[in-house]
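Q: I'm passing along upload.cif; it holds mmCIF, C-alpha atoms.
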```cif
data_query
#
loop_
_atom_site.label_atom_id
_atom_site.label_comp_id
_atom_site.auth_asym_id
_atom_site.auth_seq_id
_atom_site.Cartn_x
_atom_site.Cartn_y
_atom_site.Cartn_z
CA MET A 213 11.96 -98.21 -4.52
CA SER A 214 12.27 -94.98 -2.66
CA ASP A 215 9.25 -93.01 -1.47
CA THR A 216 9.17 -89.46 -2.91
CA ALA A 217 5.59 -88.52 -1.94
CA GLY A 218 6.68 -86.55 1.16
CA MET A 219 9.56 -84.75 -0.52
CA PRO A 220 9.26 -81.37 -2.17
CA ALA A 221 9.44 -81.15 -5.89
CA GLY A 222 12.65 -79.74 -7.30
CA PRO A 223 14.54 -79.38 -10.54
CA ASP A 224 15.69 -83.02 -10.36
CA ARG A 225 12.51 -84.51 -9.00
CA PRO A 226 9.10 -84.84 -10.63
CA ASP A 227 6.02 -83.32 -9.00
CA PRO A 228 3.77 -85.75 -7.18
CA ASP A 229 1.33 -85.65 -10.05
CA GLY A 230 4.00 -86.84 -12.44
CA THR A 231 4.80 -83.51 -14.09
CA PRO A 232 8.31 -83.61 -15.57
CA PRO A 233 10.91 -81.63 -13.61
CA GLU A 234 11.72 -78.06 -14.69
CA PRO A 235 15.09 -77.49 -16.29
CA PRO A 236 17.65 -75.60 -14.17
CA ALA A 237 17.19 -71.82 -14.29
CA THR A 238 19.77 -69.85 -16.24
CA TYR A 239 20.83 -66.24 -15.41
CA GLY A 240 21.93 -63.54 -17.72
CA PRO A 241 24.79 -61.13 -17.19
CA GLY A 242 24.79 -59.30 -13.89
CA ALA A 243 24.41 -61.09 -10.63
CA GLY A 244 20.86 -61.18 -9.33
CA SER A 245 19.12 -60.19 -12.55
CA SER A 246 16.13 -62.30 -13.45
CA PRO A 247 14.08 -62.55 -16.61
CA THR A 248 10.97 -63.63 -14.73
CA GLY A 249 7.84 -61.38 -14.38
CA ALA A 250 8.14 -61.45 -10.60
CA GLY A 251 11.64 -59.96 -10.78
CA ILE A 252 10.60 -57.20 -13.13
CA ALA A 253 7.69 -56.34 -10.88
CA ARG A 254 10.00 -56.16 -7.86
CA ARG A 255 12.36 -53.80 -9.68
CA ARG A 256 9.44 -51.62 -10.82
CA ARG A 257 8.09 -51.39 -7.29
CA ARG A 258 11.56 -50.51 -6.00
CA TRP A 259 11.93 -47.76 -8.66
CA LEU A 260 8.49 -46.34 -7.89
CA ARG A 261 9.29 -46.35 -4.19
CA TRP A 262 12.52 -44.39 -4.67
CA THR A 263 10.81 -42.02 -7.13
CA ALA A 264 8.02 -41.34 -4.64
CA MET A 265 10.57 -40.75 -1.88
CA GLY A 266 12.47 -38.34 -4.11
CA ALA A 267 9.32 -36.49 -5.09
CA ALA A 268 8.28 -36.27 -1.47
CA GLY A 269 11.70 -34.86 -0.65
CA LEU A 270 11.36 -32.24 -3.38
CA VAL A 271 7.92 -31.31 -2.10
CA LEU A 272 9.29 -30.94 1.42
CA VAL A 273 12.21 -28.84 0.21
CA ALA A 274 9.95 -26.66 -1.96
CA GLY A 275 7.40 -26.42 0.80
CA GLY A 276 10.11 -25.56 3.29
CA ALA A 277 11.50 -22.90 0.98
CA GLY A 278 8.02 -21.49 0.39
CA TRP A 279 7.35 -21.44 4.11
CA ALA A 280 10.70 -19.74 4.70
CA VAL A 281 9.88 -17.07 2.11
CA TYR A 282 6.43 -16.56 3.62
CA ASN A 283 7.87 -16.24 7.11
CA LYS A 284 10.51 -13.79 5.92
CA LEU A 285 8.00 -11.52 4.20
CA ASP A 286 5.53 -11.88 7.02
CA GLY A 287 8.19 -11.01 9.58
CA ASN A 288 9.32 -7.92 7.66
CA ILE A 289 6.19 -5.94 8.56
CA THR A 290 6.21 -3.84 11.73
CA GLU A 291 2.94 -3.97 13.66
CA ASP A 292 1.79 -0.63 15.06
CA THR A 293 0.25 -1.83 18.32
CA ASP A 294 0.69 1.53 20.08
CA ALA A 295 -1.53 3.32 17.56
CA ALA A 296 -4.12 0.56 17.78
CA ALA A 297 -4.25 0.84 21.57
CA GLU A 298 -4.54 4.64 21.46
CA LEU A 299 -7.31 4.55 18.84
CA ALA A 300 -9.20 2.00 20.92
CA ARG A 301 -9.36 4.55 23.76
CA TYR A 302 -11.24 6.93 21.49
CA GLU A 303 -13.45 4.42 19.71
CA LYS A 304 -16.66 6.18 20.78
CA GLU A 305 -15.68 9.45 19.09
CA ARG A 306 -14.50 7.88 15.83
CA PRO A 307 -16.75 7.96 12.72
CA THR A 308 -18.92 4.97 11.92
CA PRO A 309 -18.33 3.25 8.54
CA LEU A 310 -21.28 3.93 6.26
CA VAL A 311 -20.75 1.55 3.32
CA HIS A 312 -20.04 -2.14 3.80
CA ASP A 313 -16.85 -3.39 2.04
CA ALA A 314 -15.62 0.11 1.14
CA GLN A 315 -12.22 0.75 2.74
CA ASN A 316 -10.17 3.82 3.61
CA ILE A 317 -6.42 3.46 4.11
CA LEU A 318 -4.24 6.31 5.35
CA LEU A 319 -0.80 6.26 3.69
CA ILE A 320 1.84 8.25 5.58
CA GLY A 321 5.31 9.08 4.30
CA SER A 322 7.49 9.84 7.30
CA ASP A 323 10.29 12.40 7.04
CA THR A 324 12.36 10.76 9.78
CA ARG A 325 16.13 10.90 9.23
CA SER A 326 16.77 7.90 11.45
CA GLY A 327 17.19 4.45 9.97
CA ARG A 328 19.03 3.00 7.00
CA GLY A 329 20.25 5.57 4.48
CA ASN A 330 18.09 8.43 5.77
CA LYS A 331 20.65 10.60 7.59
CA LYS A 332 21.95 12.24 4.41
CA TYR A 333 18.58 13.98 3.94
CA GLY A 334 19.14 16.25 6.92
CA ARG A 335 19.66 16.30 10.67
CA ASP A 336 17.50 14.13 12.88
CA LYS A 337 16.20 16.38 15.66
CA GLY A 338 14.52 13.50 17.45
CA THR A 339 11.12 14.20 15.92
CA GLU A 340 9.41 13.35 12.67
CA ARG A 341 6.53 14.79 10.71
CA SER A 342 4.37 13.39 7.95
CA ASP A 343 6.10 14.46 4.75
CA THR A 344 3.27 13.05 2.62
CA THR A 345 -0.21 11.93 3.67
CA ILE A 346 -2.70 10.30 1.30
CA LEU A 347 -6.18 9.02 2.11
CA LEU A 348 -6.82 6.07 -0.22
CA HIS A 349 -10.48 5.16 -0.73
CA LEU A 350 -11.30 1.75 -2.24
CA ALA A 351 -14.83 1.50 -3.57
CA ALA A 352 -16.97 -1.32 -2.23
CA ASP A 353 -17.17 -2.97 -5.66
CA ARG A 354 -13.38 -2.56 -6.11
CA GLN A 355 -13.92 -0.93 -9.48
CA SER A 356 -12.29 2.35 -8.51
CA ALA A 357 -9.69 3.77 -6.14
CA THR A 358 -9.31 7.42 -5.15
CA ALA A 359 -6.13 8.76 -3.54
CA VAL A 360 -6.55 12.18 -1.89
CA SER A 361 -3.44 14.11 -0.85
CA ILE A 362 -3.74 16.13 2.35
CA PRO A 363 -1.42 19.16 2.32
CA ARG A 364 1.03 19.03 5.20
CA ASP A 365 0.62 22.78 5.83
CA VAL A 366 -3.18 22.89 5.85
CA MET A 367 -4.56 24.36 9.07
CA VAL A 368 -6.79 21.90 10.94
CA ASP A 369 -8.14 21.12 14.40
CA ILE A 370 -5.73 18.67 16.07
CA PRO A 371 -7.20 16.89 19.13
CA SER A 372 -5.37 16.35 22.39
CA CYS A 373 -2.91 13.54 21.68
CA ARG A 374 -0.71 11.24 23.72
CA LYS A 375 3.01 11.83 23.18
CA SER A 376 5.69 9.15 23.21
CA ASP A 377 6.70 10.10 26.78
CA GLY A 378 3.15 9.56 28.03
CA SER A 379 2.23 13.23 28.40
CA ARG A 380 -0.56 14.80 26.39
CA THR A 381 -0.73 17.78 24.06
CA ARG A 382 -3.55 20.32 24.19
CA ALA A 383 -6.18 20.42 21.47
CA GLN A 384 -5.21 23.16 19.03
CA PHE A 385 -5.67 24.66 15.59
CA ALA A 386 -2.36 24.04 13.79
CA GLN A 387 -0.79 22.81 10.58
CA PHE A 388 -1.67 19.24 9.74
CA ASN A 389 1.76 17.58 9.84
CA TRP A 390 2.23 18.62 13.46
CA ALA A 391 -0.21 15.83 14.38
CA PHE A 392 2.33 13.18 13.43
CA GLN A 393 5.04 14.94 15.43
CA PHE A 394 2.73 15.34 18.45
CA GLY A 395 1.28 11.86 18.68
CA GLY A 396 2.41 9.74 15.74
CA THR A 397 0.03 7.70 13.63
CA ALA A 398 -2.87 7.65 16.09
CA CYS A 399 -2.93 11.44 16.35
CA THR A 400 -2.76 11.78 12.57
CA ILE A 401 -5.64 9.35 12.08
CA ARG A 402 -7.80 11.11 14.67
CA THR A 403 -7.05 14.47 13.02
CA VAL A 404 -8.02 13.13 9.57
CA GLU A 405 -11.21 11.60 10.93
CA LYS A 406 -12.12 14.84 12.71
CA MET A 407 -11.54 16.82 9.52
CA THR A 408 -13.29 14.47 7.07
CA LYS A 409 -15.74 12.45 9.22
CA ILE A 410 -14.39 9.42 7.32
CA ARG A 411 -13.49 6.26 9.23
CA VAL A 412 -9.86 5.24 8.63
CA ASP A 413 -9.91 1.44 8.43
CA HIS A 414 -6.17 0.83 7.98
CA HIS A 415 -2.91 2.74 7.87
CA MET A 416 0.59 2.32 6.47
CA VAL A 417 3.72 4.31 7.29
CA VAL A 418 6.78 4.23 5.01
CA ASP A 419 10.09 6.10 5.31
CA PHE A 420 12.58 7.34 2.71
CA ALA A 421 14.48 4.05 2.44
CA GLY A 422 11.29 2.06 1.95
CA PHE A 423 10.15 4.32 -0.87
CA LYS A 424 13.48 3.91 -2.68
CA ASP A 425 13.38 0.12 -2.29
CA MET A 426 9.89 -0.03 -3.80
CA VAL A 427 10.96 1.93 -6.90
CA ASN A 428 14.08 -0.18 -7.36
CA ALA A 429 12.03 -3.37 -6.99
CA VAL A 430 10.05 -2.51 -10.15
CA ASP A 431 13.24 -1.49 -12.03
CA GLY A 432 12.47 2.22 -11.89
CA VAL A 433 9.60 4.46 -12.92
CA GLN A 434 9.46 6.64 -16.03
CA VAL A 435 8.81 10.38 -15.86
CA CYS A 436 8.94 13.21 -18.37
CA LEU A 437 10.66 16.47 -17.48
CA LYS A 438 9.70 19.61 -19.35
CA ALA A 439 12.68 21.43 -17.86
CA PRO A 440 16.02 20.32 -16.35
CA ILE A 441 16.33 19.76 -12.59
CA ASN A 442 19.32 20.77 -10.50
CA ASP A 443 18.39 20.52 -6.83
CA SER A 444 21.24 20.02 -4.35
CA ASP A 445 18.83 19.60 -1.40
CA ALA A 446 17.03 16.76 -3.19
CA HIS A 447 20.33 15.32 -4.52
CA LEU A 448 18.92 15.39 -8.04
CA LYS A 449 20.36 16.66 -11.31
CA LEU A 450 18.62 15.66 -14.56
CA PRO A 451 18.28 17.18 -18.04
CA ALA A 452 14.88 17.77 -19.61
CA GLY A 453 13.27 14.80 -21.34
CA ARG A 454 12.22 11.25 -20.56
CA HIS A 455 13.89 9.40 -17.69
CA THR A 456 13.48 6.13 -15.84
CA LEU A 457 14.21 7.08 -12.26
CA ASN A 458 15.79 4.69 -9.80
CA GLY A 459 14.89 4.79 -6.12
CA GLU A 460 17.32 7.53 -5.13
CA GLN A 461 16.33 9.74 -8.07
CA ALA A 462 12.63 9.11 -7.51
CA LEU A 463 12.89 10.17 -3.87
CA GLY A 464 14.57 13.42 -4.91
CA TYR A 465 11.94 13.97 -7.60
CA VAL A 466 8.94 13.67 -5.28
CA ARG A 467 10.61 15.64 -2.47
CA ALA A 468 12.04 18.51 -4.55
CA ARG A 469 10.17 21.74 -4.05
CA LYS A 470 11.96 25.01 -4.78
CA SER A 471 13.77 23.88 -7.93
CA ILE A 472 10.79 22.43 -9.83
CA GLY A 473 7.63 24.16 -10.99
CA ASN A 474 6.45 27.17 -9.00
CA GLY A 475 8.04 25.96 -5.76
CA SER A 476 4.73 25.44 -3.99
CA ASP A 477 3.73 22.41 -1.94
CA THR A 478 0.67 22.08 -4.20
CA ASP A 479 2.93 21.69 -7.22
CA ARG A 480 4.94 19.08 -5.35
CA MET A 481 1.80 17.13 -4.44
CA ASP A 482 0.75 17.13 -8.09
CA ARG A 483 4.15 15.70 -8.98
CA GLN A 484 3.89 13.06 -6.25
CA GLN A 485 0.48 12.01 -7.55
CA GLN A 486 1.72 11.75 -11.12
CA PHE A 487 4.66 9.65 -9.97
CA LEU A 488 2.47 7.30 -7.92
CA ALA A 489 0.11 6.99 -10.88
CA ALA A 490 3.07 6.02 -13.09
CA LEU A 491 4.15 3.47 -10.47
CA VAL A 492 0.67 1.91 -10.39
CA ASN A 493 0.58 1.85 -14.17
CA LYS A 494 3.92 0.06 -14.39
CA VAL A 495 3.01 -2.53 -11.78
CA GLN A 496 -0.20 -3.38 -13.66
CA SER A 497 1.22 -3.23 -17.19
CA ASN A 498 4.20 -5.46 -16.30
CA ASP A 499 1.95 -8.07 -14.65
CA VAL A 500 3.98 -7.80 -11.45
CA LEU A 501 1.08 -9.01 -9.32
CA LEU A 502 0.71 -12.18 -11.42
CA ASN A 503 4.40 -13.09 -11.79
CA PRO A 504 6.03 -14.59 -8.64
CA ALA A 505 9.54 -13.79 -9.89
CA LYS A 506 8.61 -10.11 -10.25
CA LEU A 507 6.31 -10.00 -7.25
CA TYR A 508 8.77 -11.28 -4.63
CA PRO A 509 11.23 -8.33 -4.73
CA VAL A 510 8.30 -5.92 -4.67
CA LEU A 511 6.80 -7.68 -1.66
CA ASP A 512 10.17 -7.87 0.06
CA ALA A 513 10.74 -4.14 -0.44
CA ALA A 514 7.20 -3.22 0.55
CA THR A 515 7.02 -5.36 3.67
CA SER A 516 10.49 -4.34 4.85
CA SER A 517 9.53 -0.68 4.83
CA LEU A 518 6.01 -0.83 6.27
CA THR A 519 4.59 -0.11 9.68
CA THR A 520 0.88 -0.96 9.64
CA ASP A 521 -2.12 -1.52 11.84
CA PRO A 522 -2.41 -5.07 13.24
CA ALA A 523 -4.99 -6.15 10.64
CA LEU A 524 -2.55 -5.45 7.79
CA ALA A 525 0.62 -6.51 9.63
CA SER A 526 0.79 -9.88 7.88
CA LEU A 527 1.37 -11.13 4.38
CA ARG A 528 -2.16 -12.51 4.31
CA GLY A 529 -3.62 -9.13 5.28
CA LEU A 530 -1.64 -7.31 2.59
CA TYR A 531 -2.49 -9.96 0.01
CA GLU A 532 -6.20 -9.58 0.67
CA LEU A 533 -5.84 -5.82 0.22
CA VAL A 534 -3.81 -6.08 -3.00
CA ARG A 535 -6.02 -8.82 -4.45
CA GLY A 536 -8.99 -6.48 -4.27
CA MET A 537 -7.07 -3.76 -6.10
CA ARG A 538 -5.32 -5.63 -8.91
CA ASN A 539 -8.29 -5.61 -11.28
CA ILE A 540 -9.13 -1.92 -10.95
CA PRO A 541 -8.77 -0.27 -14.41
CA THR A 542 -5.96 2.31 -14.45
CA GLU A 543 -8.40 4.98 -15.65
CA GLN A 544 -10.35 4.40 -12.43
CA VAL A 545 -7.30 4.87 -10.19
CA GLN A 546 -7.63 8.59 -9.43
CA PHE A 547 -5.32 11.05 -7.68
CA LEU A 548 -6.27 14.50 -6.41
CA THR A 549 -5.58 17.00 -3.65
CA VAL A 550 -8.19 18.12 -1.16
CA PRO A 551 -9.45 21.57 -2.28
CA ARG A 552 -7.27 24.16 -0.53
CA ARG A 553 -6.04 27.74 -0.79
CA SER A 554 -3.61 29.99 1.06
CA TYR A 555 -4.57 30.53 4.68
CA VAL A 556 -6.02 33.99 5.16
CA TYR A 557 -3.72 34.77 8.11
CA ASP A 558 -0.51 33.20 6.77
CA ALA A 559 0.33 32.81 3.08
CA ASN A 560 2.78 30.02 3.99
CA ARG A 561 -0.08 27.86 5.28
CA ASP A 562 -3.21 26.43 3.63
CA GLU A 563 -6.87 26.18 4.51
CA LEU A 564 -9.65 24.00 3.14
CA VAL A 565 -11.94 25.46 0.47
CA GLU A 566 -15.61 25.01 1.24
CA PRO A 567 -18.03 23.73 0.15
CA ALA A 568 -15.75 21.85 -2.28
CA ALA A 569 -13.79 20.02 0.46
CA GLU A 570 -16.95 18.88 2.23
CA GLU A 571 -18.43 17.69 -1.07
CA LEU A 572 -15.31 15.58 -1.65
CA PHE A 573 -15.41 14.11 1.87
CA THR A 574 -19.12 13.34 1.53
CA ARG A 575 -18.45 11.50 -1.73
CA LEU A 576 -15.81 9.34 -0.06
CA ARG A 577 -17.94 8.72 3.04
CA THR A 578 -20.88 7.51 0.98
CA ASP A 579 -18.78 5.68 -1.64
CA ALA A 580 -20.26 7.92 -4.35
CA PRO A 581 -18.47 8.43 -7.70
CA LEU A 582 -16.38 11.47 -8.58
CA GLN A 583 -14.29 12.52 -11.54
CA VAL A 584 -10.89 14.15 -11.99
CA THR A 585 -9.38 16.27 -14.74
CA ARG A 586 -5.89 17.64 -15.24
CA LYS A 587 -7.29 21.09 -15.91
CA GLU A 588 -9.23 23.21 -13.50
CA PRO A 589 -12.94 22.16 -13.62
CA GLU A 590 -15.14 24.45 -15.70
CA THR A 591 -17.21 25.21 -12.65
CA ALA A 592 -16.52 28.23 -10.48
CA PRO A 593 -12.83 28.68 -9.58
CA VAL A 594 -11.72 27.35 -6.23
CA ASP A 595 -11.49 30.77 -4.56
CA GLU A 596 -14.97 31.70 -5.78
CA GLN A 597 -16.43 28.53 -4.29
CA ALA A 598 -15.23 29.49 -0.82
CA GLU A 599 -17.21 31.72 1.43
CA GLU A 600 -15.58 34.69 3.10
CA TYR A 601 -13.36 33.46 5.92
CA ASP A 602 -15.16 33.55 9.26
CA ASP A 603 -13.13 32.54 12.30
CA SER A 604 -16.23 31.92 14.40
CA ALA A 605 -17.71 29.67 11.70
CA ASP A 606 -14.54 27.56 11.52
CA HIS A 607 -14.73 26.84 15.24
CA ASP A 608 -18.48 26.51 15.62
CA ASP A 609 -19.19 23.25 17.44
CA SER A 610 -22.97 23.45 17.05
CA GLU A 611 -24.61 20.56 15.23
CA SER A 612 -26.51 21.06 12.01
CA ASP A 613 -29.95 19.63 11.31
CA GLU A 614 -28.60 18.22 8.07
CA LYS A 615 -27.35 14.65 8.03
CA PRO A 616 -24.53 14.42 5.46
CA ASP A 617 -23.47 11.09 6.98
CA ASP A 618 -26.79 9.48 6.11
CA PRO A 619 -25.94 6.45 3.84
CA SER A 620 -29.09 7.12 1.81
CA HIS A 621 -27.69 10.49 0.76
CA THR A 622 -26.14 10.03 -2.69
CA PRO A 623 -25.04 13.32 -4.27
CA SER A 624 -25.61 13.68 -7.99
CA PRO A 625 -24.23 14.34 -10.51
CA ALA A 626 -20.63 13.31 -9.89
CA PRO A 627 -18.52 16.42 -9.29
CA THR A 628 -15.19 16.99 -11.00
CA PHE A 629 -11.96 17.78 -9.17
CA ARG A 630 -8.53 18.68 -10.45
CA GLY A 631 -6.32 15.58 -10.56
CA ASN A 632 -5.16 12.76 -12.80
CA THR A 633 -5.49 9.00 -13.28
CA ALA A 634 -3.00 6.15 -13.53
CA ALA A 635 -3.96 5.79 -17.20
CA GLY A 636 -2.85 9.32 -18.07
CA THR A 637 0.78 9.18 -17.02
CA THR A 638 2.58 8.11 -20.20
CA CYS A 639 5.12 10.48 -21.70
CA GLU A 640 3.77 12.52 -24.57
#
```
Once more with this new file: its structure as structure tokens, please.

A:
Amino acid sequence: MSDTAGMPAGPDRPDPDGTPPEPPATYGPGAGSSPTGAGIARRRRRWLRWTAMGAAGLVLVAGGAGWAVYNKLDGNITEDTDAAAELARYEKERPTPLVHDAQNILLIGSDTRSGRGNKKYGRDKGTERSDTTILLHLAADRQSATAVSIPRDVMVDIPSCRKSDGSRTRAQFAQFNWAFQFGGTACTIRTVEKMTKIRVDHHMVVDFAGFKDMVNAVDGVQVCLKAPINDSDAHLKLPAGRHTLNGEQALGYVRARKSIGNGSDTDRMDRQQQFLAALVNKVQSNDVLLNPAKLYPVLDAATSSLTTDPALASLRGLYELVRGMRNIPTEQVQFLTVPRRSYVYDANRDELVEPAAEELFTRLRTDAPLQVTRKEPETAPVDEQAEEYDDSADHDDSESDEKPDDPSHTPSPAPTFRGNTAAGTTCE
């Protein structure tokens, strides 16, 4: 009798405890397939492993693509370090912010003919001036935004500014857009702050090409023309009626001067404000800020055309700014021009109207409310609000006992200025 106690059990041998041997295993079609629970579990684990690896790959690809998009948009923005360094030299003379969380952004449209697609708008003489300048005030509670156009021909005190070659200009009384030609963004900001006593927190500079790209990115902006336009200088020819302007047409529309309206720069600024209001209205009504597919081309166009201060020269910085603005009601997005009239010594130049201009600046400094209307306010006409021009008064450097910059000073009631809102731009 053979001893089987030390031998392993198998299909042809009983277990030591006498259990009958198992019958030989049978296999179904397909080599290696097994009907046992262990085999099914192994296949399930293998499938889950490959699924997880595939999902991880997709996440990496998507994450990589997202990071690539972020880097592209982030890298589009040009950082204006020169302006930041120049402003730092004059920090002690700059106004102090009075209201926490309120922000003032200076938007500058440059008339440079250099760069992509800009040469056809005229000769580049090696200099550039601010074609459009808007001071955008965002209320601390982000429930309103006020965009104030500063006429390029208004006569102001321009401080001594550093030129691109390192030399300095003399302080002088001259038309506003010379500041940008003299000393670029820093000189413009210092001039605005000297005129308004408002601290400029951020700035953005955009050229002709950037403006066109922005309009094209939102598939055009609708305007209503009461009369036909035929302006060869602006490269624009349109019949009267309703039109959705593309980027090229929009640029001609906001730049045209002699062929539309009364030919004045004031009329052009009104048209620019109405166009920007229509642009804001379209962005909000089409949910561009909430739709990534719509938002990307807008961001790409915007970032590619911007030169900003270091704090805004990143996608994160711009996002924080836009996020605070996206919930502002369109009726609280207001556009107006600083009160001005023809300069007493030159009808081709402007001067500020007082006390209306100072009242506006005080409102913005103290984050106090104001109202706009398309018609002239029912108060005294602009010219009647101004005192007789006094050259010595305009250049009086003596300090007043009054403290208009005092944060506790809150003017009341809210004054009304001529302008319009983003809600009132639909075609009638």

Q: Which distance in Å separates CA of Gln484 in chain A and CA of Ser554 in chain A, to one decimal?

A: 19.9 Å

Q: Report, in Å to a single decimal, how far apart CA of Arg382 in chain A and CA of Ile346 in chain A are.

A: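 Going from CA of Ile346 in chain A over to CA of Arg382 in chain A, I get 25.0 Å.
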
Q: Give the answer as one residue: which of A:Val466, A:Cys399, A:Leu450, A:Val584 has the shortest atom-to-atom distance to Glu543 in chain A, using only C-alpha atoms?

A: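 Closest residue, counting only C-alpha atoms: A:Val584.
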
Q: What does the distance from CA of Val404 in chain A to CA of His312 in chain A come to in Å, to one decimal?

A: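 Result for CA of Val404 in chain A versus CA of His312 in chain A: 20.3 Å, one decimal.
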
Q: Which residues of range 534-557 of chain A come within 9 Å of range 494-511 of chain A, and what is each one's closest atom pair and distance in Å (one decimal), counting all atoms listed in the file, sorted by chain and residue number, as JSON lines?

A:
```
{"residue": "A:Val534", "atom": "CA", "partner": "A:Leu501", "partner_atom": "CA", "distance": 8.5}
{"residue": "A:Arg535", "atom": "CA", "partner": "A:Leu501", "partner_atom": "CA", "distance": 8.6}
{"residue": "A:Arg538", "atom": "CA", "partner": "A:Leu501", "partner_atom": "CA", "distance": 7.2}
{"residue": "A:Asn539", "atom": "CA", "partner": "A:Gln496", "partner_atom": "CA", "distance": 8.7}
{"residue": "A:Thr542", "atom": "CA", "partner": "A:Gln496", "partner_atom": "CA", "distance": 8.1}
```

Q: With distances taken over all atoms listed in the file, which of A:Val366, A:Ala635, A:Leu548, A:Met416 is nearest to Pro522 in chain A?

A: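 Between A:Val366, A:Ala635, A:Leu548, A:Met416, the residue approaching Pro522 in chain A most closely is A:Met416.
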
Q: For range 477-488 of chain A, take all atoms listed in the file, fit an axis-aligned box around them, add 3 Å to each of the six sides, then output centre and edge lengths in Å rounded to one decimal, as lines of an AutoDock Vina configuration file.

A:
```
center_x = 2.7
center_y = 14.9
center_z = -6.5
size_x = 10.5
size_y = 21.1
size_z = 15.2
```

Q: Could you spell out the hits of the PyMOL selection byres ((chain A and resi 464) around 12) on the shown file, as a short mmCIF file (atom, residue, chain, number, x, y, z; two decimals) with C-alpha atoms, in the frame of the given file?

A:
```cif
data_model
loop_
_atom_site.label_atom_id
_atom_site.label_comp_id
_atom_site.auth_asym_id
_atom_site.auth_seq_id
_atom_site.Cartn_x
_atom_site.Cartn_y
_atom_site.Cartn_z
CA LYS A 332 21.95 12.24 4.41
CA TYR A 333 18.58 13.98 3.94
CA PHE A 420 12.58 7.34 2.71
CA ALA A 421 14.48 4.05 2.44
CA PHE A 423 10.15 4.32 -0.87
CA LYS A 424 13.48 3.91 -2.68
CA ILE A 441 16.33 19.76 -12.59
CA ASN A 442 19.32 20.77 -10.50
CA ASP A 443 18.39 20.52 -6.83
CA SER A 444 21.24 20.02 -4.35
CA ASP A 445 18.83 19.60 -1.40
CA ALA A 446 17.03 16.76 -3.19
CA HIS A 447 20.33 15.32 -4.52
CA LEU A 448 18.92 15.39 -8.04
CA LYS A 449 20.36 16.66 -11.31
CA LEU A 450 18.62 15.66 -14.56
CA LEU A 457 14.21 7.08 -12.26
CA ASN A 458 15.79 4.69 -9.80
CA GLY A 459 14.89 4.79 -6.12
CA GLU A 460 17.32 7.53 -5.13
CA GLN A 461 16.33 9.74 -8.07
CA ALA A 462 12.63 9.11 -7.51
CA LEU A 463 12.89 10.17 -3.87
CA TYR A 465 11.94 13.97 -7.60
CA VAL A 466 8.94 13.67 -5.28
CA ARG A 467 10.61 15.64 -2.47
CA ALA A 468 12.04 18.51 -4.55
CA ARG A 469 10.17 21.74 -4.05
CA LYS A 470 11.96 25.01 -4.78
CA SER A 471 13.77 23.88 -7.93
CA ILE A 472 10.79 22.43 -9.83
CA ARG A 480 4.94 19.08 -5.35
CA ARG A 483 4.15 15.70 -8.98
CA GLN A 484 3.89 13.06 -6.25
CA PHE A 487 4.66 9.65 -9.97
#
```

Q: Determine the nearest neighbour of Lys409 in chain A from the options A:Arg306, A:Lys284, A:Arg552, A:Arg528, counting all atoms listed in the file.

A: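 Comparing A:Arg306, A:Lys284, A:Arg552, A:Arg528 against Lys409 in chain A, the winner is A:Arg306.
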
Q: Starting from the shown file, work through the PyMOL selection byres ((chain A and resi 558) around 12) and note down what comes out as a PDB file with C-alpha atoms, in the coordinates of the input.

A:
```
ATOM      1  CA  ASP A 365       0.620  22.780   5.830  1.00  0.00           C
ATOM      2  CA  VAL A 366      -3.180  22.890   5.850  1.00  0.00           C
ATOM      3  CA  MET A 367      -4.560  24.360   9.070  1.00  0.00           C
ATOM      4  CA  ALA A 386      -2.360  24.040  13.790  1.00  0.00           C
ATOM      5  CA  GLN A 387      -0.790  22.810  10.580  1.00  0.00           C
ATOM      6  CA  ARG A 553      -6.040  27.740  -0.790  1.00  0.00           C
ATOM      7  CA  SER A 554      -3.610  29.990   1.060  1.00  0.00           C
ATOM      8  CA  TYR A 555      -4.570  30.530   4.680  1.00  0.00           C
ATOM      9  CA  VAL A 556      -6.020  33.990   5.160  1.00  0.00           C
ATOM     10  CA  TYR A 557      -3.720  34.770   8.110  1.00  0.00           C
ATOM     11  CA  ALA A 559       0.330  32.810   3.080  1.00  0.00           C
ATOM     12  CA  ASN A 560       2.780  30.020   3.990  1.00  0.00           C
ATOM     13  CA  ARG A 561      -0.080  27.860   5.280  1.00  0.00           C
ATOM     14  CA  ASP A 562      -3.210  26.430   3.630  1.00  0.00           C
ATOM     15  CA  GLU A 563      -6.870  26.180   4.510  1.00  0.00           C
TER      16      GLU A 563
END
```

Q: Tell me, as an MDAnalysis selection string, which residues lie within 12 Å of Asp377 in chain A, counting all atoms listed in the file; anything in the same chain fewer than 6 positions away does not count.

A: chainID A and resid 394:396

Q: Could you give me, as a Markdown table, a per-residue list for range 501-564 of chain A showing, wherever an atom lies at most 9 Å from an atom of range 285-290 of chain A, the closest pair of atoms and their distance in Å to one decimal, using only C-alpha atoms and sorting by chain then residue number from low to high?

A:
```
| residue | atom | partner | partner_atom | distance |
| --- | --- | --- | --- | --- |
| A:Tyr508 | CA | A:Leu285 | CA | 8.9 |
| A:Leu511 | CA | A:Leu285 | CA | 7.1 |
| A:Asp512 | CA | A:Leu285 | CA | 5.9 |
| A:Ala514 | CA | A:Ile289 | CA | 8.5 |
| A:Thr515 | CA | A:Ile289 | CA | 5.0 |
| A:Ser516 | CA | A:Asn288 | CA | 4.7 |
| A:Ser517 | CA | A:Ile289 | CA | 7.3 |
| A:Leu518 | CA | A:Ile289 | CA | 5.6 |
| A:Thr519 | CA | A:Thr290 | CA | 4.6 |
| A:Thr520 | CA | A:Thr290 | CA | 6.4 |
| A:Asp521 | CA | A:Thr290 | CA | 8.6 |
| A:Pro522 | CA | A:Thr290 | CA | 8.8 |
| A:Leu524 | CA | A:Ile289 | CA | 8.8 |
| A:Ala525 | CA | A:Ile289 | CA | 5.7 |
| A:Ser526 | CA | A:Asp286 | CA | 5.2 |
| A:Leu527 | CA | A:Asp286 | CA | 5.0 |
| A:Arg528 | CA | A:Asp286 | CA | 8.2 |
```
